[in-house]
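J.: Here it is: the structure, laid out below.
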Amino acid sequence: MKRILIGLIALAVLAAGGWFGFNLYARHRATAEIEAVFDRIRSQGGKASHGKVAFDVTSRTLTIEDIAVDPAGQPQAHVKITGIKGVGLRQTDETRFAADSIEISGFEVALDEVGPGKLKASYKVPQLIMRDYAGPARAQNAPASGSLIDLYRFVLDQYASVTASSITAPTLTIAFDAGKGAAGSGEIVYSGLAIQKLGKGKIDAMKADRATFTINVEQAGKADKLTGEMSDLIINDFDSTAIAAALDPQKANDDSYHRVYGHMSSGTYVATSTQGVRMQVDGIAIADIAVQPSKFRPAEILALLPTDGSVQPTPAQSREMMEKLAGLYDGLRVGKIEIGTVSMTTPQGTPRLRAIRYQEGEFALEGLDAPTPQGQVKMERFALKSLSLANLFRWAASLTTPGQAPSPDQMLGLFRVLEGAEIKGVVSPYKNTRQLVTIDTISLNWGQLVGSIPSKVSLVVKMVAPTDPTNPAQLPLTMAGIDKLAINLDLGAAWTESSGALALAPATIDLGNLAKAQARLALANVPRGVFTADPVQAMSQAGQIEAGAIELSLRDSGVVDLLVAQFSRMQNVSRDAARGAIVEMIRAQGEKIAAANPDAKTAVDAIAGFVETSGQTLTIKLTPLGKVPMLQLLGALNSEPIVALAQFRIEASTGL
C-alpha cells in the first residue's frame, strides 16, 4: 500500500512537472511567434515593442501587454495598445485561427499629416470586444508605397478576411486638426458602438447610441466653435467589397453596380455655434447607396489634389477636377434620401423646413416657414426634377475660363443639369403692404434637347397677386377697384423632328377677374438648325419656317368694362357714350382693312360686337392660303399688316 501511495505521488509530481513544462513551452512558443511578428515590422523600418506575454493552456488564453508600433512609411502612424486578451484560441488551418473572444484595451492610433491637407488625426477606443472571432494567423505585409489608396485597399482586404458574431466598444473618440484650413480642428465621440455579424467584408448591422462633436473653425475671419450631438446612428447591410472594387485598378471596366449601404439612419441632430445659431434636424434616412467601379474612381480625385493646400489651383486644374467629380457622381447611385424637420434658431428668427427629400433624381424641399423683414413666408413644396449632379459639375467646368464671360451656349448648358422645377403652396408678403402673394403652382418642364436647347417646353402658373397702386401700368386696375389679380397660365410647345412641325398648344392665360385668352399656333418646316444659341445661324435657318393655322380666343370677364371705364375717364363722357365711341372707331378702322381684304370685315364686325356686349367670347381663326414664310409675315405685320392678313382666310365669331 505504501509503495502504491509513493508511486501515485511520484506520478503526480511527474504529471505536474510535465504540465508546467508544457505550459512553459506553450508560453515560449506564443512569445516566439509574437516576437516574430514584431521583428517583421522592425525589419521593414518600423518600430515595434511589447511587454509581458502570457499563455494559459487550460483556457487557451493569450495576453499581451503594452504594445507600441510605429509602422514605416507615410502617413506616419503611432499605435498603442494597453493590452490584448484572446480567450479560446485555436488554429483552424495553416493560415487562420479562431477565438471565442478577443478583448483589446487602451487602443490608440495617431496619424500625422494625412493627405494633401496635412490633416492630423487620432483614434481612441478604451475597450473593444470581439465575439466568435476568426481571421488570418499572420497579417499580410503592408504596401510599400505611401499611397492612401493602396493603404485603404490593404485595410479593406484585411477587413474582408475577418469574421465575428459581434464587436462592441463603449466609446470611440476621433480628434483631428487641419491647422487653419477650412476643416478646422475638433473632436467626435461615438458612444455605445456595436456591430452585428461581420464576415467576408459585410456587416448586417452597425449602430451607435450617440455621437457628440466639438469643432473649431473660422467664419469670415472670426473664430467660431460648433458643438452638437446626433442620436441613434444605424447602418444596415454594409459591404466593404463594393468600396474595394472601386479602388481596384483591375475593376476599371466593371459597369455593374455594387451596393455599399442598404440603409442608413439617425435620430435627432443638434448643432450650436458661439455666434448664437442653433440648428436641429429631426432624423435622417438614406437607402440603397451603390457604386459603379468603371466610373466611381476616387483614386483619380485624390491624384489631382494639390500637395500644398495654400496654392490655388489653375483654371485648367479646376476644370479637370470638376470633370473627374462629374465622372465620380456618374458612378454613384443613391436610391432615396429623407431628412426630417430642419429648424435654425438665429437672432432674426427661426426658419423651419418640414422635410428634404431626394428620390429618382428629384430633389424637393417641403414645408418651409421662414421669417422675413416684411413678414412670414410659407412654401409647401419646391422641387428640382431629374437633377444630375454629374451634369452640374460638367456645366460648372465649362464656365471656368478666366477673363472670359460664358457664352450663351455655355449658359444654356444648365438645361442639361435638370429637366424642370416646381413651386407649390407659397404665401408671401407683398412689399411692405399687408397684402399677400399666393402661388398655387408654378411648374416649368423641358426636354428633347437639341444641342443645349429644349425643343419641348411646358409652363403652368396658378397664382394670385395684389395690384400695386404705385405702378402706373396697373393704375386702371386699382381705379376700377381691382385689388387682386388671379393669374392662370398654361403654355405648351413641342417640335417634332420627323415632320418639322412646331405646335404651341395650349397657350392659355386666365386673368380670373378680367379675361381668359387662349392661342393655338402651328409652324411648319422648322429645321433642326434653328435650335442654336448662335443668332446668325438661327436667323439663316429661320427663313425656312412657314406659318401654319392660328386660332385665338378671348373670353371677357370684366376687361371690356375696364377699358370702357378708362376711356370714359379720359374723354370725360358717360360709359355708354364711351362704349359707343370705341365701337365706332373699330368699325371705321375695319372699313379700311376690309377694302383690301374682304375676309377681314368678318373679324372687324366680331370685334365690334365683342366690345358692344360684355361677357362674350371672341374667336378668330387664321388659315394660310398657301405657303407663308414666317419671317416675311412678321416683317409685313410691322409695315403692312393688311397685306400680311391677306395671306390668310379669316373666320371670326362671338358668343355668350
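Letters for chains follow the order of the C-alpha cells (A, B, ...), residue numbers begin at 1 for each chain, and ligand numbers begin at 1 in the order shown.
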I need the strand (DSSP E) residues of segment 367-609 of chain A per DSSP on the backbone, written as a PyMOL selection string.
T.: chain A and resi 367-372+375-385+420-429+436-450+453-466+484-496+501-511+515-524+546-556
J.: Write out, as an mmCIF file, in the first residue's frame, the residues just selected, with C-alpha atoms.
T.:
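Written file, part_9.cif:
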```
data_model
loop_
_atom_site.group_PDB
_atom_site.id
_atom_site.type_symbol
_atom_site.label_atom_id
_atom_site.label_comp_id
_atom_site.auth_asym_id
_atom_site.auth_seq_id
_atom_site.Cartn_x
_atom_site.Cartn_y
_atom_site.Cartn_z
ATOM 1 C CA GLY A 367 -42.999 72.824 -45.666
ATOM 2 C CA LEU A 368 -40.882 75.999 -45.484
ATOM 3 C CA ASP A 369 -41.926 78.542 -42.834
ATOM 4 C CA ALA A 370 -39.437 81.408 -42.530
ATOM 5 C CA PRO A 371 -39.440 84.958 -41.164
ATOM 6 C CA THR A 372 -38.523 87.955 -43.347
ATOM 7 C CA GLY A 375 -43.424 89.043 -42.615
ATOM 8 C CA GLN A 376 -43.633 85.257 -42.618
ATOM 9 C CA VAL A 377 -43.014 83.347 -45.869
ATOM 10 C CA LYS A 378 -44.542 79.892 -46.306
ATOM 11 C CA MET A 379 -43.951 77.375 -49.074
ATOM 12 C CA GLU A 380 -45.449 73.911 -49.287
ATOM 13 C CA ARG A 381 -43.019 72.496 -51.854
ATOM 14 C CA PHE A 382 -40.084 73.377 -54.102
ATOM 15 C CA ALA A 383 -38.684 70.668 -56.379
ATOM 16 C CA LEU A 384 -35.964 70.268 -58.993
ATOM 17 C CA LYS A 385 -36.776 67.480 -61.442
ATOM 18 C CA GLY A 420 -37.752 71.102 -64.667
ATOM 19 C CA ALA A 421 -38.700 72.904 -61.481
ATOM 20 C CA GLU A 422 -41.868 73.264 -59.434
ATOM 21 C CA ILE A 423 -43.130 75.551 -56.678
ATOM 22 C CA LYS A 424 -46.369 74.914 -54.794
ATOM 23 C CA GLY A 425 -48.314 76.484 -51.947
ATOM 24 C CA VAL A 426 -46.440 79.781 -51.495
ATOM 25 C CA VAL A 427 -47.808 82.574 -49.295
ATOM 26 C CA SER A 428 -45.576 85.646 -49.144
ATOM 27 C CA PRO A 429 -45.956 89.285 -48.059
ATOM 28 C CA LEU A 436 -50.118 88.587 -49.774
ATOM 29 C CA VAL A 437 -48.908 86.927 -52.940
ATOM 30 C CA THR A 438 -50.234 83.377 -53.084
ATOM 31 C CA ILE A 439 -48.862 80.813 -55.534
ATOM 32 C CA ASP A 440 -50.823 77.642 -56.008
ATOM 33 C CA THR A 441 -48.428 76.232 -58.638
ATOM 34 C CA ILE A 442 -45.552 77.297 -60.839
ATOM 35 C CA SER A 443 -44.310 74.347 -62.868
ATOM 36 C CA LEU A 444 -41.738 74.558 -65.665
ATOM 37 C CA ASN A 445 -40.611 71.451 -67.575
ATOM 38 C CA TRP A 446 -38.447 70.937 -70.653
ATOM 39 C CA GLY A 447 -36.925 68.159 -72.685
ATOM 40 C CA GLN A 448 -35.959 66.820 -76.121
ATOM 41 C CA LEU A 449 -32.749 68.838 -76.154
ATOM 42 C CA VAL A 450 -31.261 69.803 -79.492
ATOM 43 C CA ILE A 453 -31.759 73.998 -76.291
ATOM 44 C CA PRO A 454 -35.041 72.300 -75.344
ATOM 45 C CA SER A 455 -37.457 71.610 -78.209
ATOM 46 C CA LYS A 456 -40.271 70.781 -75.795
ATOM 47 C CA VAL A 457 -41.429 73.136 -73.031
ATOM 48 C CA SER A 458 -44.433 73.396 -70.736
ATOM 49 C CA LEU A 459 -45.244 76.090 -68.190
ATOM 50 C CA VAL A 460 -48.131 76.159 -65.718
ATOM 51 C CA VAL A 461 -48.742 79.113 -63.399
ATOM 52 C CA LYS A 462 -51.620 79.462 -60.936
ATOM 53 C CA MET A 463 -51.312 82.412 -58.560
ATOM 54 C CA VAL A 464 -52.983 85.488 -57.093
ATOM 55 C CA ALA A 465 -51.053 88.751 -56.812
ATOM 56 C CA PRO A 466 -52.205 92.088 -55.365
ATOM 57 C CA LYS A 484 -56.070 91.355 -56.695
ATOM 58 C CA LEU A 485 -55.230 89.723 -59.980
ATOM 59 C CA ALA A 486 -55.783 85.970 -60.389
ATOM 60 C CA ILE A 487 -53.388 84.508 -62.973
ATOM 61 C CA ASN A 488 -53.815 81.085 -64.551
ATOM 62 C CA LEU A 489 -51.266 80.360 -67.306
ATOM 63 C CA ASP A 490 -50.900 77.109 -69.240
ATOM 64 C CA LEU A 491 -48.334 77.072 -72.037
ATOM 65 C CA GLY A 492 -47.027 74.134 -74.023
ATOM 66 C CA ALA A 493 -44.782 73.970 -77.089
ATOM 67 C CA ALA A 494 -43.261 70.958 -78.821
ATOM 68 C CA TRP A 495 -41.248 70.330 -82.007
ATOM 69 C CA THR A 496 -41.464 67.099 -83.995
ATOM 70 C CA ALA A 501 -43.820 70.894 -87.143
ATOM 71 C CA LEU A 502 -43.769 73.084 -84.043
ATOM 72 C CA ALA A 503 -47.046 73.441 -82.176
ATOM 73 C CA LEU A 504 -47.882 75.984 -79.499
ATOM 74 C CA ALA A 505 -50.847 74.388 -77.786
ATOM 75 C CA PRO A 506 -52.304 75.051 -75.444
ATOM 76 C CA ALA A 507 -51.312 78.583 -74.612
ATOM 77 C CA THR A 508 -53.828 79.842 -72.096
ATOM 78 C CA ILE A 509 -53.794 82.784 -69.727
ATOM 79 C CA ASP A 510 -56.723 83.298 -67.388
ATOM 80 C CA LEU A 511 -56.885 86.604 -65.522
ATOM 81 C CA ALA A 515 -60.398 87.781 -69.126
ATOM 82 C CA LYS A 516 -59.283 84.399 -70.383
ATOM 83 C CA ALA A 517 -57.189 84.227 -73.555
ATOM 84 C CA GLN A 518 -56.185 81.115 -75.466
ATOM 85 C CA ALA A 519 -53.952 80.688 -78.509
ATOM 86 C CA ARG A 520 -53.053 77.797 -80.775
ATOM 87 C CA LEU A 521 -50.212 78.284 -83.228
ATOM 88 C CA ALA A 522 -48.638 75.875 -85.691
ATOM 89 C CA LEU A 523 -45.387 76.352 -87.582
ATOM 90 C CA ALA A 524 -44.274 74.108 -90.438
ATOM 91 C CA GLU A 546 -43.682 78.607 -92.618
ATOM 92 C CA ALA A 547 -46.710 79.839 -90.729
ATOM 93 C CA GLY A 548 -49.483 77.361 -90.031
ATOM 94 C CA ALA A 549 -53.012 77.753 -88.696
ATOM 95 C CA ILE A 550 -53.567 80.292 -85.910
ATOM 96 C CA GLU A 551 -56.528 80.283 -83.535
ATOM 97 C CA LEU A 552 -57.166 82.945 -80.918
ATOM 98 C CA SER A 553 -59.988 83.214 -78.400
ATOM 99 C CA LEU A 554 -60.717 85.793 -75.705
ATOM 100 C CA ARG A 555 -63.437 85.468 -73.061
ATOM 101 C CA ASP A 556 -64.490 88.701 -71.390
#
```
J.: Counting only C-alpha atoms, what is within 9 Å of Glu360 of chain A, bar same-chain residues fewer than 5 positions away, as a list in words?
T.: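 After dropping sequence-adjacent residues, the list is Val334, Gly335, Lys336, Ser386 and Leu387 of chain A.
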J.: Selected residues, C-alpha atoms, written as a short mmCIF file (atom, residue, chain, number, x, y, z; two decimals), in the first residue's frame, please.
T.:
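File part.cif, as written:
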```
data_model
loop_
_atom_site.label_atom_id
_atom_site.label_comp_id
_atom_site.auth_asym_id
_atom_site.auth_seq_id
_atom_site.Cartn_x
_atom_site.Cartn_y
_atom_site.Cartn_z
CA VAL A 334 -28.48 56.78 -54.22
CA GLY A 335 -31.96 55.31 -54.01
CA LYS A 336 -33.55 57.70 -51.53
CA SER A 386 -34.28 64.97 -62.89
CA LEU A 387 -31.39 66.72 -61.18
#
```
J.: Could you work out how far atom CA of Asp237 of chain A lies from atom CA of Ile286 of chain A, giving the answer in Å with one decimal?
T.: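 Atom-to-atom, atom CA of Ile286 of chain A and atom CA of Asp237 of chain A are spaced 12.2 Å apart.
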J.: Write out as a list in words each polymer residue whose atoms come within 6 Å of segment 222-226 of chain A, counting only C-alpha atoms; drop sequence neighbours fewer than 6 positions from it.
T.: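 The residues satisfying every condition are Thr214, Ile215, Asn216, Thr272, Ser273 and Thr274 of chain A.
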J.: Tell me which of A:Ile203, A:Val109, A:Ala608, A:Ala480 sits closest to Ser568 of chain A, counting only C-alpha atoms.
T.: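 Once distances to Ser568 of chain A are computed over only C-alpha atoms, the minimum belongs to A:Ala480.
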J.: Skipping near chain neighbours, those fewer than 4 positions away, what residues fall within 12 Å of Ile243 of chain A using only C-alpha atoms, listed as a ChimeraX atom specification?
T.: /A:149,152-157,159-160,201-202,238-239,247-248,251,257-261,289-293,296-299,331-332
J.: Take the residues that were just selected and, keeping N, CA and C atoms, output them as a short mmCIF file (atom, residue, chain, number, x, y, z; two decimals), in the first residue's frame.
T.:
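Writing the result to selection_4.cif gives the following:
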```cif
data_model
loop_
_atom_site.label_atom_id
_atom_site.label_comp_id
_atom_site.auth_asym_id
_atom_site.auth_seq_id
_atom_site.Cartn_x
_atom_site.Cartn_y
_atom_site.Cartn_z
N ILE A 149 -4.59 55.27 -51.30
CA ILE A 149 -5.47 54.29 -51.93
C ILE A 149 -4.95 52.88 -51.69
N TYR A 152 -5.74 52.02 -48.14
CA TYR A 152 -7.15 51.70 -47.96
C TYR A 152 -7.46 50.30 -48.49
N ARG A 153 -6.92 49.97 -49.65
CA ARG A 153 -7.16 48.64 -50.22
C ARG A 153 -6.60 47.55 -49.30
N PHE A 154 -5.42 47.80 -48.73
CA PHE A 154 -4.82 46.84 -47.82
C PHE A 154 -5.71 46.61 -46.60
N VAL A 155 -6.21 47.73 -46.03
CA VAL A 155 -7.08 47.62 -44.85
C VAL A 155 -8.37 46.88 -45.20
N LEU A 156 -8.95 47.19 -46.36
CA LEU A 156 -10.20 46.53 -46.76
C LEU A 156 -9.98 45.04 -47.00
N ASP A 157 -8.83 44.68 -47.57
CA ASP A 157 -8.53 43.26 -47.78
C ASP A 157 -8.42 42.52 -46.44
N TYR A 159 -9.81 43.48 -43.65
CA TYR A 159 -11.16 43.51 -43.08
C TYR A 159 -12.03 42.40 -43.65
N ALA A 160 -11.89 42.14 -44.97
CA ALA A 160 -12.72 41.13 -45.63
C ALA A 160 -12.34 39.71 -45.20
N GLY A 201 -16.23 40.83 -45.40
CA GLY A 201 -16.32 42.26 -45.70
C GLY A 201 -17.70 42.85 -45.58
N LYS A 202 -18.67 42.07 -45.09
CA LYS A 202 -20.03 42.55 -44.98
C LYS A 202 -20.47 42.61 -43.52
N PHE A 238 -23.98 46.74 -44.79
CA PHE A 238 -22.78 47.41 -45.30
C PHE A 238 -21.88 46.38 -45.97
N ASP A 239 -21.34 46.72 -47.14
CA ASP A 239 -20.48 45.80 -47.91
C ASP A 239 -19.22 46.53 -48.33
N LEU A 247 -11.74 50.81 -55.74
CA LEU A 247 -10.34 51.18 -55.57
C LEU A 247 -9.40 50.27 -56.35
N ASP A 248 -9.92 49.22 -56.94
CA ASP A 248 -9.09 48.21 -57.61
C ASP A 248 -8.91 48.58 -59.08
N LYS A 251 -10.62 46.53 -61.77
CA LYS A 251 -12.07 46.59 -61.96
C LYS A 251 -12.49 47.84 -62.73
N TYR A 257 -23.31 47.71 -60.86
CA TYR A 257 -23.41 48.46 -59.61
C TYR A 257 -23.20 47.52 -58.42
N HIS A 258 -22.40 47.97 -57.45
CA HIS A 258 -22.13 47.23 -56.23
C HIS A 258 -22.72 48.03 -55.06
N ARG A 259 -23.63 47.44 -54.31
CA ARG A 259 -24.25 48.18 -53.22
C ARG A 259 -23.33 48.26 -52.02
N VAL A 260 -23.12 49.47 -51.52
CA VAL A 260 -22.27 49.71 -50.36
C VAL A 260 -23.10 49.71 -49.08
N TYR A 261 -24.21 50.43 -49.09
CA TYR A 261 -25.09 50.52 -47.92
C TYR A 261 -26.52 50.17 -48.33
N ILE A 289 -27.28 52.81 -51.37
CA ILE A 289 -26.13 53.52 -51.94
C ILE A 289 -25.25 52.49 -52.64
N ALA A 290 -25.00 52.72 -53.93
CA ALA A 290 -24.22 51.77 -54.72
C ALA A 290 -23.21 52.52 -55.59
N VAL A 291 -22.14 51.84 -55.97
CA VAL A 291 -21.11 52.44 -56.81
C VAL A 291 -20.86 51.57 -58.04
N GLN A 292 -20.46 52.21 -59.12
CA GLN A 292 -20.11 51.55 -60.36
C GLN A 292 -18.61 51.71 -60.57
N PRO A 293 -17.83 50.65 -60.37
CA PRO A 293 -16.36 50.77 -60.38
C PRO A 293 -15.78 51.41 -61.64
N PHE A 296 -16.89 55.24 -60.75
CA PHE A 296 -16.61 55.73 -59.39
C PHE A 296 -15.15 55.40 -59.07
N ARG A 297 -14.23 56.36 -59.37
CA ARG A 297 -12.80 56.14 -59.22
C ARG A 297 -12.22 57.21 -58.29
N PRO A 298 -12.36 57.07 -56.97
CA PRO A 298 -11.86 58.09 -56.04
C PRO A 298 -10.35 58.28 -56.13
N ALA A 299 -9.62 57.25 -56.58
CA ALA A 299 -8.16 57.39 -56.70
C ALA A 299 -7.80 58.51 -57.66
N GLY A 331 -20.91 57.49 -61.37
CA GLY A 331 -20.78 56.13 -60.86
C GLY A 331 -21.35 55.93 -59.48
N LEU A 332 -22.11 56.90 -58.98
CA LEU A 332 -22.71 56.80 -57.64
C LEU A 332 -24.23 56.80 -57.78
#
```
J.: Which of these residues is nearest to Asp330 of chain A, using only C-alpha atoms: A:Ala175, A:Leu392, A:Ala285, A:Val643?
T.: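 Under the stated criterion, the closest residue is A:Leu392.
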J.: Atom CA of Ser452 of chain A and atom CA of Gln410 of chain A, how far apart in Å?
T.: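 Taking atom CA of Gln410 of chain A as the start and atom CA of Ser452 of chain A as the end point, the length is 8.3 Å.
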